[in-house]
file protein13.json (JSON, C-alpha atoms)
[["chain", "number", "residue", "atom", "x", "y", "z"],
["A", 1, "MET", "CA", 119.23, 123.89, 95.28],
["A", 2, "THR", "CA", 117.74, 125.11, 98.57],
["A", 3, "ASP", "CA", 114.47, 126.98, 99.06],
["A", 4, "PHE", "CA", 116.62, 130.06, 99.59],
["A", 5, "ASP", "CA", 118.14, 129.66, 96.12],
["A", 6, "LEU", "CA", 114.69, 129.13, 94.65],
["A", 7, "GLU", "CA", 113.42, 132.34, 96.24],
["A", 8, "ARG", "CA", 116.44, 134.21, 94.88],
["A", 9, "LEU", "CA", 115.76, 132.85, 91.39],
["A", 10, "LEU", "CA", 112.01, 133.38, 91.37],
["A", 11, "GLY", "CA", 111.78, 136.45, 93.58],
["A", 12, "SER", "CA", 108.97, 137.21, 96.00],
["A", 13, "GLN", "CA", 105.43, 136.75, 94.76],
["A", 14, "ASN", "CA", 104.22, 139.82, 96.68],
["A", 15, "PRO", "CA", 103.11, 142.80, 94.54],
["A", 16, "ASP", "CA", 106.14, 144.39, 92.87],
["A", 17, "PRO", "CA", 105.76, 147.82, 91.24],
["A", 18, "GLY", "CA", 108.83, 147.46, 88.98],
["A", 19, "CYS", "CA", 111.95, 149.62, 88.59],
["A", 20, "ASP", "CA", 110.26, 152.88, 87.55],
["A", 21, "GLU", "CA", 107.66, 153.16, 90.31],
["A", 22, "ALA", "CA", 110.08, 151.92, 92.95],
["A", 23, "GLY", "CA", 112.60, 154.52, 91.78],
["A", 24, "GLU", "CA", 110.05, 157.27, 92.44],
["A", 25, "LEU", "CA", 109.93, 156.31, 96.13],
["A", 26, "MET", "CA", 113.63, 155.66, 96.63],
["A", 27, "ASP", "CA", 114.69, 159.14, 97.79],
["A", 28, "ALA", "CA", 111.92, 159.51, 100.37],
["A", 29, "TYR", "CA", 112.51, 155.96, 101.65],
["A", 30, "CYS", "CA", 116.26, 156.50, 102.03],
["A", 31, "GLU", "CA", 115.73, 159.74, 103.96],
["A", 32, "LEU", "CA", 113.39, 157.95, 106.39],
["A", 33, "VAL", "CA", 115.91, 155.17, 106.95],
["A", 34, "ALA", "CA", 118.85, 157.56, 107.28],
["A", 35, "ARG", "CA", 116.93, 159.53, 109.93],
["A", 36, "GLY", "CA", 116.07, 156.28, 111.74],
["A", 37, "GLU", "CA", 112.34, 156.87, 111.40],
["A", 38, "PRO", "CA", 109.76, 154.06, 111.07],
["A", 39, "VAL", "CA", 108.94, 152.99, 107.53],
["A", 40, "SER", "CA", 105.21, 152.91, 106.80],
["A", 41, "ASP", "CA", 103.21, 150.30, 104.85],
["A", 42, "ARG", "CA", 103.38, 152.70, 101.93],
["A", 43, "TYR", "CA", 106.80, 151.21, 101.18],
["A", 44, "ALA", "CA", 105.81, 147.51, 101.27],
["A", 45, "GLU", "CA", 105.78, 147.08, 97.49],
["A", 46, "PHE", "CA", 108.92, 149.21, 97.15],
["A", 47, "LEU", "CA", 110.72, 146.84, 99.53],
["A", 48, "THR", "CA", 109.50, 143.81, 97.61],
["A", 49, "HIS", "CA", 111.04, 145.31, 94.49],
["A", 50, "MET", "CA", 114.30, 145.99, 96.32],
["A", 51, "SER", "CA", 114.52, 142.34, 97.31],
["A", 52, "ASN", "CA", 113.69, 141.22, 93.75],
["A", 53, "CYS", "CA", 115.93, 143.60, 91.75],
["A", 54, "ALA", "CA", 119.69, 143.67, 92.38],
["A", 55, "ALA", "CA", 120.33, 146.83, 90.32],
["A", 56, "CYS", "CA", 117.71, 148.90, 92.15],
["A", 57, "ARG", "CA", 118.99, 147.54, 95.46],
["A", 58, "GLU", "CA", 122.51, 148.70, 94.56],
["A", 59, "ASP", "CA", 121.19, 152.16, 93.64],
["A", 60, "MET", "CA", 119.33, 152.35, 96.95],
["A", 61, "GLU", "CA", 122.46, 151.32, 98.87],
["A", 62, "GLY", "CA", 124.40, 154.05, 97.06],
["A", 63, "LEU", "CA", 121.83, 156.72, 97.96],
["A", 64, "LEU", "CA", 121.71, 155.55, 101.58],
["A", 65, "ALA", "CA", 125.52, 155.62, 101.79],
["A", 66, "MET", "CA", 125.50, 159.18, 100.43],
["A", 67, "LEU", "CA", 122.95, 160.32, 103.02],
["A", 68, "ARG", "CA", 124.92, 158.70, 105.84],
["A", 69, "ASP", "CA", 128.11, 160.41, 104.64],
["A", 70, "GLN", "CA", 126.26, 163.75, 104.61],
["A", 71, "GLU", "CA", 125.02, 163.08, 108.13],
["A", 72, "LYS", "CA", 128.57, 162.31, 109.33],
["A", 73, "SER", "CA", 129.93, 165.46, 107.66],
["A", 74, "SER", "CA", 127.25, 167.66, 109.19],
["A", 75, "ARG", "CA", 128.11, 166.37, 112.69],
["A", 76, "ARG", "CA", 131.78, 167.39, 112.31],
["B", 1, "MET", "CA", 120.81, 160.25, 79.21],
["B", 2, "SER", "CA", 121.14, 156.74, 77.85],
["B", 3, "ARG", "CA", 118.14, 155.17, 76.15],
["B", 4, "SER", "CA", 118.24, 152.31, 78.62],
["B", 5, "SER", "CA", 116.97, 154.71, 81.26],
["B", 6, "ALA", "CA", 113.25, 154.72, 81.96],
["B", 7, "GLY", "CA", 110.46, 156.27, 84.02],
["B", 8, "TRP", "CA", 111.71, 158.83, 86.53],
["B", 9, "ARG", "CA", 115.12, 158.34, 85.01],
["B", 10, "ARG", "CA", 114.01, 159.35, 81.52],
["B", 11, "THR", "CA", 114.26, 162.98, 80.45],
["B", 12, "ALA", "CA", 111.20, 164.67, 78.94],
["B", 13, "CYS", "CA", 112.93, 164.83, 75.54],
["B", 14, "GLY", "CA", 113.72, 161.13, 75.81],
["B", 15, "ARG", "CA", 110.11, 160.07, 76.18],
["B", 16, "ARG", "CA", 108.78, 157.82, 73.49],
["B", 17, "GLY", "CA", 105.95, 158.76, 71.17],
["B", 18, "GLY", "CA", 107.61, 161.41, 68.98],
["B", 19, "VAL", "CA", 105.71, 164.46, 67.70],
["B", 20, "HIS", "CA", 102.32, 162.82, 68.22],
["B", 21, "ARG", "CA", 102.89, 162.88, 71.96],
["B", 22, "LEU", "CA", 103.87, 166.55, 72.11],
["B", 23, "PRO", "CA", 100.48, 168.17, 72.95],
["B", 24, "THR", "CA", 99.83, 165.65, 75.73],
["B", 25, "LEU", "CA", 103.38, 165.95, 76.95],
["B", 26, "CYS", "CA", 103.10, 169.76, 77.19],
["B", 27, "THR", "CA", 99.86, 169.42, 79.16],
["B", 28, "ASP", "CA", 101.46, 166.83, 81.44],
["B", 29, "LEU", "CA", 104.39, 169.11, 82.08],
["B", 30, "ALA", "CA", 102.18, 172.16, 82.65],
["B", 31, "ARG", "CA", 100.09, 170.25, 85.17],
["B", 32, "ALA", "CA", 103.18, 168.90, 86.87],
["B", 33, "ASP", "CA", 104.61, 172.42, 87.00],
["B", 34, "ASP", "CA", 101.43, 173.74, 88.66],
["B", 35, "ALA", "CA", 101.64, 170.96, 91.21],
["B", 36, "ALA", "CA", 105.31, 171.67, 91.79],
["B", 37, "GLN", "CA", 104.56, 175.39, 92.30],
["B", 38, "MET", "CA", 102.03, 174.46, 94.96],
["B", 39, "ASN", "CA", 104.44, 172.02, 96.57],
["B", 40, "THR", "CA", 107.03, 174.75, 96.94],
["B", 41, "LEU", "CA", 104.99, 176.10, 99.85],
["B", 42, "ALA", "CA", 105.50, 172.89, 101.81],
["B", 43, "LEU", "CA", 109.19, 172.44, 101.03],
["B", 44, "ASP", "CA", 112.04, 172.89, 103.45],
["B", 45, "GLN", "CA", 113.83, 176.20, 102.95],
["B", 46, "GLU", "CA", 116.91, 174.80, 101.21],
["B", 47, "SER", "CA", 114.85, 172.77, 98.71],
["B", 48, "ALA", "CA", 112.62, 175.78, 97.99],
["B", 49, "GLU", "CA", 115.71, 177.91, 97.34],
["B", 50, "TRP", "CA", 117.15, 175.34, 94.93],
["B", 51, "LEU", "CA", 113.85, 175.10, 93.08],
["B", 52, "ASP", "CA", 113.40, 178.85, 92.94],
["B", 53, "ALA", "CA", 116.94, 179.42, 91.64],
["B", 54, "LEU", "CA", 116.67, 176.70, 88.98],
["B", 55, "ARG", "CA", 113.37, 178.09, 87.70],
["B", 56, "ARG", "CA", 114.74, 181.58, 87.12],
["B", 57, "ASN", "CA", 116.04, 182.89, 83.87],
["B", 58, "ASP", "CA", 119.13, 184.81, 84.93],
["B", 59, "SER", "CA", 122.61, 184.42, 86.38],
["B", 60, "VAL", "CA", 121.16, 183.06, 89.64],
["B", 61, "ARG", "CA", 120.04, 179.99, 87.66],
["B", 62, "ASP", "CA", 123.46, 179.65, 86.03],
["B", 63, "ASP", "CA", 125.08, 179.75, 89.45],
["B", 64, "ALA", "CA", 122.62, 177.15, 90.83],
["B", 65, "ILE", "CA", 123.29, 174.86, 87.86],
["B", 66, "ALA", "CA", 127.06, 175.12, 88.45],
["B", 67, "ARG", "CA", 126.60, 174.31, 92.17],
["B", 68, "LEU", "CA", 124.27, 171.43, 91.37],
["B", 69, "HIS", "CA", 126.73, 169.97, 88.86],
["B", 70, "ALA", "CA", 129.53, 170.20, 91.42],
["B", 71, "LEU", "CA", 127.34, 168.35, 93.94],
["B", 72, "LEU", "CA", 126.43, 165.63, 91.43],
["B", 73, "LEU", "CA", 130.09, 165.17, 90.51],
["B", 74, "ARG", "CA", 131.08, 164.82, 94.18],
["B", 75, "VAL", "CA", 128.33, 162.23, 94.70],
["B", 76, "SER", "CA", 129.36, 160.33, 91.59],
["B", 77, "ARG", "CA", 133.02, 160.21, 92.69],
["B", 78, "ALA", "CA", 132.01, 159.09, 96.19],
["B", 79, "GLU", "CA", 129.87, 156.31, 94.74],
["B", 80, "VAL", "CA", 132.73, 155.12, 92.53],
["B", 81, "SER", "CA", 135.02, 155.15, 95.53],
["B", 82, "ARG", "CA", 132.47, 153.19, 97.60],
["B", 83, "ARG", "CA", 132.25, 150.54, 94.90],
["B", 84, "ARG", "CA", 135.99, 150.39, 94.21],
["B", 85, "ALA", "CA", 135.89, 146.64, 93.47],
["B", 86, "LEU", "CA", 133.99, 147.30, 90.24],
["B", 87, "VAL", "CA", 136.53, 149.82, 88.96],
["B", 88, "GLN", "CA", 139.81, 148.22, 90.04],
["B", 89, "SER", "CA", 141.08, 147.55, 86.56],
["B", 90, "ARG", "CA", 140.09, 150.90, 85.04],
["B", 91, "ALA", "CA", 142.58, 153.74, 84.59],
["B", 92, "THR", "CA", 142.02, 156.79, 86.82],
["B", 93, "ASP", "CA", 141.28, 159.05, 83.83],
["B", 94, "ASP", "CA", 138.62, 156.62, 82.61],
["B", 95, "VAL", "CA", 136.97, 156.58, 86.01],
["B", 96, "ASP", "CA", 136.92, 160.34, 86.31],
["B", 97, "ASP", "CA", 135.52, 160.62, 82.79],
["B", 98, "LEU", "CA", 132.79, 158.18, 83.83],
["B", 99, "CYS", "CA", 131.95, 160.42, 86.81],
["B", 100, "VAL", "CA", 131.84, 163.58, 84.67],
["B", 101, "GLN", "CA", 129.54, 161.88, 82.13],
["B", 102, "ALA", "CA", 127.31, 160.59, 84.93],
["B", 103, "ALA", "CA", 127.10, 164.07, 86.50],
["B", 104, "ASN", "CA", 126.37, 165.67, 83.10],
["B", 105, "ASP", "CA", 123.57, 163.20, 82.30],
["B", 106, "ALA", "CA", 122.15, 163.43, 85.81],
["B", 107, "LEU", "CA", 122.04, 167.23, 85.52],
["B", 108, "MET", "CA", 120.23, 167.03, 82.16],
["B", 109, "ALA", "CA", 117.69, 164.61, 83.60],
["B", 110, "ILE", "CA", 117.12, 166.75, 86.69],
["B", 111, "LEU", "CA", 116.53, 169.94, 84.68],
["B", 112, "ALA", "CA", 114.14, 168.12, 82.34],
["B", 113, "LYS", "CA", 112.23, 166.56, 85.26],
["B", 114, "LEU", "CA", 112.32, 169.57, 87.59],
["B", 115, "SER", "CA", 108.56, 170.10, 87.30],
["B", 116, "THR", "CA", 107.92, 166.56, 88.55],
["B", 117, "TYR", "CA", 109.79, 167.07, 91.83],
["B", 118, "ARG", "CA", 107.08, 166.59, 94.49],
["B", 119, "GLY", "CA", 109.05, 167.40, 97.60],
["B", 120, "ASP", "CA", 108.68, 163.93, 99.17],
["B", 121, "ALA", "CA", 112.40, 164.15, 99.95],
["B", 122, "ARG", "CA", 114.83, 167.08, 100.11],
["B", 123, "PHE", "CA", 115.69, 168.48, 96.70],
["B", 124, "THR", "CA", 119.33, 167.44, 96.98],
["B", 125, "THR", "CA", 118.38, 163.83, 97.85],
["B", 126, "TRP", "CA", 116.01, 163.70, 94.88],
["B", 127, "ALA", "CA", 118.70, 165.16, 92.60],
["B", 128, "CYS", "CA", 121.50, 162.92, 93.88],
["B", 129, "LYS", "CA", 119.33, 159.87, 93.14],
["B", 130, "PHE", "CA", 119.90, 160.64, 89.44],
["B", 131, "ALA", "CA", 123.68, 160.88, 89.98],
["B", 132, "ILE", "CA", 123.76, 157.55, 91.84],
["B", 133, "TYR", "CA", 121.70, 155.88, 89.14],
["B", 134, "GLU", "CA", 123.82, 157.26, 86.26],
["B", 135, "THR", "CA", 127.03, 156.30, 88.06],
["B", 136, "SER", "CA", 126.09, 152.80, 89.14],
["B", 137, "SER", "CA", 124.53, 151.98, 85.80],
["B", 138, "ARG", "CA", 127.75, 153.06, 84.04],
["B", 139, "LEU", "CA", 129.86, 151.04, 86.48],
["B", 140, "ARG", "CA", 127.83, 147.90, 85.85],
["B", 141, "ARG", "CA", 127.98, 148.35, 82.09],
["B", 142, "ALA", "CA", 131.72, 149.03, 82.20],
["B", 143, "ALA", "CA", 132.31, 145.92, 84.33],
["B", 144, "TRP", "CA", 130.49, 143.78, 81.75],
["B", 145, "ARG", "CA", 131.93, 145.47, 78.64],
["B", 146, "GLU", "CA", 134.17, 142.55, 77.70],
["B", 147, "ARG", "CA", 131.71, 139.81, 78.64],
["B", 148, "ARG", "CA", 129.18, 138.14, 76.42],
["B", 149, "VAL", "CA", 125.54, 137.76, 77.33],
["B", 150, "GLU", "CA", 123.89, 134.78, 75.69],
["B", 151, "LEU", "CA", 121.67, 131.77, 76.33],
["B", 152, "ASP", "CA", 124.01, 129.32, 78.01],
["B", 153, "ASP", "CA", 122.79, 126.00, 79.47],
["B", 154, "ALA", "CA", 125.98, 125.70, 81.51],
["B", 155, "VAL", "CA", 124.41, 128.26, 83.85],
["B", 156, "TRP", "CA", 122.47, 125.37, 85.43],
["B", 157, "ASP", "CA", 125.73, 123.76, 86.53],
["B", 158, "ARG", "CA", 126.91, 126.99, 88.15],
["B", 159, "LEU", "CA", 123.89, 127.32, 90.46],
["B", 160, "PRO", "CA", 124.98, 127.24, 94.09],
["B", 161, "ASP", "CA", 123.97, 124.09, 95.93],
["B", 162, "ALA", "CA", 124.06, 124.33, 99.69],
["B", 163, "ALA", "CA", 121.88, 121.31, 100.51],
["B", 164, "PRO", "CA", 124.12, 119.09, 102.63],
["B", 165, "ALA", "CA", 122.15, 115.95, 103.46],
["B", 166, "ALA", "CA", 121.44, 113.22, 100.92],
["B", 167, "LEU", "CA", 117.66, 113.50, 101.29],
["B", 168, "GLN", "CA", 117.74, 117.26, 100.84],
["B", 169, "ARG", "CA", 120.05, 116.76, 97.90],
["B", 170, "LEU", "CA", 117.58, 114.38, 96.26],
["B", 171, "GLU", "CA", 114.72, 116.80, 96.85],
["B", 172, "SER", "CA", 116.66, 119.76, 95.55],
["B", 173, "ASP", "CA", 117.65, 117.80, 92.44],
["B", 174, "GLN", "CA", 113.95, 117.15, 91.80],
["B", 175, "VAL", "CA", 113.07, 120.83, 92.24],
["B", 176, "MET", "CA", 115.95, 121.86, 90.00],
["B", 177, "ALA", "CA", 114.81, 119.37, 87.32],
["B", 178, "ALA", "CA", 111.25, 120.71, 87.55],
["B", 179, "LEU", "CA", 112.48, 124.29, 87.29],
["B", 180, "ARG", "CA", 114.63, 123.48, 84.29],
["B", 181, "ARG", "CA", 111.70, 121.74, 82.59],
["B", 182, "ALA", "CA", 109.49, 124.75, 83.32],
["B", 183, "VAL", "CA", 112.06, 127.12, 81.81],
["B", 184, "ASP", "CA", 112.25, 124.98, 78.66],
["B", 185, "GLU", "CA", 108.52, 124.40, 78.30],
["B", 186, "HIS", "CA", 106.87, 127.60, 79.54],
["B", 187, "LEU", "CA", 109.16, 130.51, 78.70],
["B", 188, "THR", "CA", 109.60, 132.22, 75.35],
["B", 189, "GLU", "CA", 113.17, 132.47, 74.06],
["B", 190, "ARG", "CA", 113.39, 136.11, 75.18],
["B", 191, "GLN", "CA", 112.03, 135.28, 78.63],
["B", 192, "ARG", "CA", 114.53, 132.40, 78.86],
["B", 193, "LEU", "CA", 117.45, 134.66, 77.94],
["B", 194, "ILE", "CA", 116.40, 137.31, 80.46],
["B", 195, "PHE", "CA", 115.63, 134.86, 83.28],
["B", 196, "GLN", "CA", 118.83, 132.87, 82.82],
["B", 197, "SER", "CA", 120.99, 136.00, 82.46],
["B", 198, "VAL", "CA", 119.58, 138.14, 85.27],
["B", 199, "ALA", "CA", 118.25, 135.62, 87.82],
["B", 200, "MET", "CA", 120.72, 132.78, 87.32],
["B", 201, "ASP", "CA", 123.89, 134.36, 85.97],
["B", 202, "ASP", "CA", 123.71, 137.75, 87.78],
["B", 203, "VAL", "CA", 123.97, 139.84, 84.62],
["B", 204, "PRO", "CA", 123.00, 143.40, 85.71],
["B", 205, "ILE", "CA", 119.60, 144.38, 84.38],
["B", 206, "ASP", "CA", 120.89, 147.59, 82.79],
["B", 207, "VAL", "CA", 123.66, 145.69, 81.00],
["B", 208, "LEU", "CA", 121.05, 143.43, 79.47],
["B", 209, "ALA", "CA", 118.85, 146.43, 78.62],
["B", 210, "GLU", "CA", 121.74, 148.00, 76.73],
["B", 211, "ARG", "CA", 122.56, 144.77, 74.84],
["B", 212, "LEU", "CA", 118.91, 144.17, 73.91],
["B", 213, "ASN", "CA", 118.37, 147.83, 73.03],
["B", 214, "THR", "CA", 115.50, 148.32, 75.43],
["B", 215, "SER", "CA", 114.79, 149.87, 78.84],
["B", 216, "ARG", "CA", 115.57, 148.55, 82.30],
["B", 217, "GLY", "CA", 111.85, 148.67, 83.14],
["B", 218, "ALA", "CA", 110.99, 146.54, 80.10],
["B", 219, "ILE", "CA", 113.62, 143.93, 81.01],
["B", 220, "TYR", "CA", 112.33, 143.82, 84.58],
["B", 221, "LYS", "CA", 108.72, 143.37, 83.37],
["B", 222, "THR", "CA", 109.79, 140.40, 81.23],
["B", 223, "LEU", "CA", 111.72, 138.91, 84.16],
["B", 224, "HIS", "CA", 108.73, 139.42, 86.45],
["B", 225, "ASP", "CA", 106.38, 137.68, 83.98],
["B", 226, "ALA", "CA", 108.85, 134.81, 83.49],
["B", 227, "ARG", "CA", 109.17, 134.30, 87.25],
["B", 228, "ALA", "CA", 105.37, 134.24, 87.64],
["B", 229, "LYS", "CA", 105.09, 131.58, 84.89],
["B", 230, "LEU", "CA", 107.78, 129.46, 86.53],
["B", 231, "ARG", "CA", 106.15, 129.76, 89.94],
["B", 232, "ARG", "CA", 102.83, 128.57, 88.50],
["B", 233, "ALA", "CA", 104.54, 125.68, 86.68],
["B", 234, "LEU", "CA", 106.33, 124.54, 89.87],
["B", 235, "ILE", "CA", 103.06, 124.62, 91.83],
["B", 236, "GLU", "CA", 101.34, 122.58, 89.10],
["B", 237, "ALA", "CA", 104.25, 120.11, 89.25],
["B", 238, "GLY", "CA", 103.69, 119.65, 93.01],
["B", 239, "HIS", "CA", 106.61, 121.74, 94.30],
["B", 240, "GLY", "CA", 104.54, 124.60, 95.75],
["B", 241, "GLU", "CA", 105.81, 123.98, 99.28],
["B", 242, "HIS", "CA", 109.26, 125.23, 98.24],
["B", 243, "LEU", "CA", 107.87, 128.61, 97.23],
["B", 244, "SER", "CA", 107.52, 131.41, 99.78]]
call {"tool": "encode", "arguments": {"input": "protein13.json", "output": "structure tokens"}}
result
Amino acid sequence: MTDFDLERLLGSQNPDPGCDEAGELMDAYCELVARGEPVSDRYAEFLTHMSNCAACREDMEGLLAMLRDQEKSSRR
Amino acid sequence: MSRSSAGWRRTACGRRGGVHRLPTLCTDLARADDAAQMNTLALDQESAEWLDALRRNDSVRDDAIARLHALLLRVSRAEVSRRRALVQSRATDDVDDLCVQAANDALMAILAKLSTYRGDARFTTWACKFAIYETSSRLRRAAWRERRVELDDAVWDRLPDAAPAALQRLESDQVMAALRRAVDEHLTERQRLIFQSVAMDDVPIDVLAERLNTSRGAIYKTLHDARAKLRRALIEAGHGEHLS
């Protein structure tokens, strides 16, 4: 087992707000990323949760994919 | 909305606490509604129009609900298409039914939580978050429908081992043994089940929430506490340098 595996198993020890609080920030975060704008420190704990929780990460990827599709459609 | 949903995902009627919570809940909602009314001033035009239409009590609202449902259904179908690998074996009718159910539940959640929309993102992004969540949660549960979730020590043998050199191998064996000892000695049976299932065996957190009849947030809290205990135990056992 490598240190990488250990980190995956134990997650990051940085503050993690959990699924509910992270979910509250997900839409605003995804809009920032989709627009290519800088992400502020406000999202540090949100990002820790995304690296610790596979389900929330999948949800975030789905929302980001949706916003990018919308962006592509609006350019056509 | 399923009972495994929690927090922003949970509808007002799905909140726990029964009739005793009602007075507080009404106050919460009234306050949130006031805040939302104020936020409307700062919203982009499209979001303000959505909010205005959905708050009315006439055919404009009915029309907005129909448009919103159509949007949620499109988003749900796009998400299923994006994650085709998870739905390969399911019949087309099943998949479309899954999308319709996800859109229906997302719509219910959105209408119940409308007063909590703060305008941090566009209204449609906020609303589509519910559709993505309902869809991906259903996909994960469907993918695991036929699979058992139980405490299984064989999970330790399935852990990936990428340490190539003999010395690294020896070290990693020692860390693995310490971790296994910590799991056995420091975790409760529930923490062990959740840690081994989610962190080691990649069981989706909402699948486990459904099987254990609890919320995703509660499962995550237990996982978080278990990980913290294990981290402390590894540090005490002299393996702190392996932890980030």
call {"tool": "residues_around", "arguments": {"input": "protein13.json", "residues": "Arg67 in chain B", "least_positions_apart": "6", "cutoff": "12 Å", "atoms": "all atoms listed in the file", "output": "PyMOL selection string"}}
result
chain B and resi 50+53-54+60-61+73-74+103+107+124
call {"tool": "closest_residue", "arguments": {"input": "protein13.json", "among": "A:Leu47, A:Ala55, A:Val39, A:Ala22", "to": "chain B", "atoms": "all atoms listed in the file"}}
result
A:Ala55
call {"tool": "residues_around", "arguments": {"input": "protein13.json", "residues": "range 229-240 of chain B", "least_positions_apart": "5", "cutoff": "12 Å", "atoms": "only C-alpha atoms", "output": "mmCIF file with C-alpha atoms, in the coordinates of the input"}}
result
data_model
loop_
_atom_site.group_PDB
_atom_site.id
_atom_site.type_symbol
_atom_site.label_atom_id
_atom_site.label_comp_id
_atom_site.auth_asym_id
_atom_site.auth_seq_id
_atom_site.Cartn_x
_atom_site.Cartn_y
_atom_site.Cartn_z
ATOM 1 C CA ASP A 3 114.470 126.980 99.060
ATOM 2 C CA LEU A 6 114.690 129.130 94.650
ATOM 3 C CA GLU A 7 113.420 132.340 96.240
ATOM 4 C CA LEU A 9 115.760 132.850 91.390
ATOM 5 C CA LEU A 10 112.010 133.380 91.370
ATOM 6 C CA GLY A 11 111.780 136.450 93.580
ATOM 7 C CA SER A 12 108.970 137.210 96.000
ATOM 8 C CA GLN A 13 105.430 136.750 94.760
ATOM 9 C CA GLU B 171 114.720 116.800 96.850
ATOM 10 C CA SER B 172 116.660 119.760 95.550
ATOM 11 C CA ASP B 173 117.650 117.800 92.440
ATOM 12 C CA GLN B 174 113.950 117.150 91.800
ATOM 13 C CA VAL B 175 113.070 120.830 92.240
ATOM 14 C CA MET B 176 115.950 121.860 90.000
ATOM 15 C CA ALA B 177 114.810 119.370 87.320
ATOM 16 C CA ALA B 178 111.250 120.710 87.550
ATOM 17 C CA LEU B 179 112.480 124.290 87.290
ATOM 18 C CA ARG B 180 114.630 123.480 84.290
ATOM 19 C CA ARG B 181 111.700 121.740 82.590
ATOM 20 C CA ALA B 182 109.490 124.750 83.320
ATOM 21 C CA VAL B 183 112.060 127.120 81.810
ATOM 22 C CA ASP B 184 112.250 124.980 78.660
ATOM 23 C CA GLU B 185 108.520 124.400 78.300
ATOM 24 C CA HIS B 186 106.870 127.600 79.540
ATOM 25 C CA LEU B 187 109.160 130.510 78.700
ATOM 26 C CA THR B 188 109.600 132.220 75.350
ATOM 27 C CA GLN B 191 112.030 135.280 78.630
ATOM 28 C CA ARG B 192 114.530 132.400 78.860
ATOM 29 C CA PHE B 195 115.630 134.860 83.280
ATOM 30 C CA THR B 222 109.790 140.400 81.230
ATOM 31 C CA LEU B 223 111.720 138.910 84.160
ATOM 32 C CA HIS B 224 108.730 139.420 86.450
#
call {"tool": "residues_near_point", "arguments": {"input": "protein13.json", "point": "(115.8, 140.0, 95.8)", "cutoff": "6 Å", "atoms": "all atoms listed in the file", "output": "list of chain:residue names"}}
result
A:Arg8, A:Gly11, A:Ser51, A:Asn52, A:Cys53
call {"tool": "axis_aligned_box", "arguments": {"input": "protein13.json", "around": "range 143-160 of chain B", "padding_each_side": "8 Å", "output": "AutoDock Vina command-line options"}}
result
--center_x 127.9 --center_y 134.8 --center_z 84.9 --size_x 28.5 --size_y 38.2 --size_z 34.4
call {"tool": "residues_around", "arguments": {"input": "protein13.json", "residues": "Cys56 in chain A", "least_positions_apart": "5", "cutoff": "8 Å", "atoms": "all atoms listed in the file", "output": "PyMOL selection string"}}
result
chain A and resi 19+23+49-50
call {"tool": "closest_residue", "arguments": {"input": "protein13.json", "among": "B:Asp225, B:Asp120, B:Glu146, B:Glu210", "to": "chain A", "atoms": "only C-alpha atoms"}}
result
B:Asp120
call {"tool": "closest_residue", "arguments": {"input": "protein13.json", "among": "A:Tyr43, A:Asp59, A:Met66, A:Thr48", "to": "Ala28 in chain A", "atoms": "all atoms listed in the file"}}
result
A:Tyr43
call {"tool": "residues_around", "arguments": {"input": "protein13.json", "residues": "Met26 in chain A", "least_positions_apart": "4", "cutoff": "9 Å", "atoms": "all atoms listed in the file", "output": "list in words"}}
result
Ala22, Cys30, Glu31, Phe46, Asp59, Met60 and Leu63 of chain A; Trp126 and Lys129 of chain B
call {"tool": "atom_distance", "arguments": {"input": "protein13.json", "atom1": "CA of His242 in chain B", "atom2": "CA of Arg57 in chain A"}}
result
24.5 Å
call {"tool": "atom_distance", "arguments": {"input": "protein13.json", "atom1": "CA of Asp16 in chain A", "atom2": "CA of Glu45 in chain A"}}
result
5.4 Å
call {"tool": "atom_distance", "arguments": {"input": "protein13.json", "atom1": "CA of Leu64 in chain A", "atom2": "CA of Val100 in chain B"}}
result
21.3 Å
call {"tool": "residues_near_point", "arguments": {"input": "protein13.json", "point": "(127.2, 160.2, 98.9)", "cutoff": "9 Å", "atoms": "all atoms listed in the file", "output": "VMD selection string"}}
result
(chain A and resid 62 to 70) or (chain B and resid 74 to 79 82 128 132)
call {"tool": "closest_residue", "arguments": {"input": "protein13.json", "among": "B:Arg56, B:Arg84, B:Arg145, B:Arg216", "to": "chain A", "atoms": "only C-alpha atoms"}}
result
B:Arg216
call {"tool": "closest_residue", "arguments": {"input": "protein13.json", "among": "B:Lys113, B:Arg9, B:Ser81, B:Thr214", "to": "chain A", "atoms": "only C-alpha atoms"}}
result
B:Arg9
call {"tool": "decode", "arguments": {"input": "protein13.json", "residues": "range 48-59 of chain A", "atoms": "C-alpha atoms", "output": "tab-separated table (two decimals), in the first residue's frame"}}
result
chain	number	residue	atom	x	y	z
A	48	THR	CA	-11.54	19.06	0.60
A	49	HIS	CA	-14.95	17.39	0.71
A	50	MET	CA	-14.89	16.81	-3.04
A	51	SER	CA	-11.58	15.01	-2.73
A	52	ASN	CA	-12.87	12.95	0.23
A	53	CYS	CA	-16.34	11.99	-1.08
A	54	ALA	CA	-16.69	10.12	-4.39
A	55	ALA	CA	-20.48	10.55	-4.64
A	56	CYS	CA	-20.36	14.33	-4.21
A	57	ARG	CA	-17.47	14.49	-6.67
A	58	GLU	CA	-19.56	12.61	-9.24
A	59	ASP	CA	-22.48	15.00	-8.68
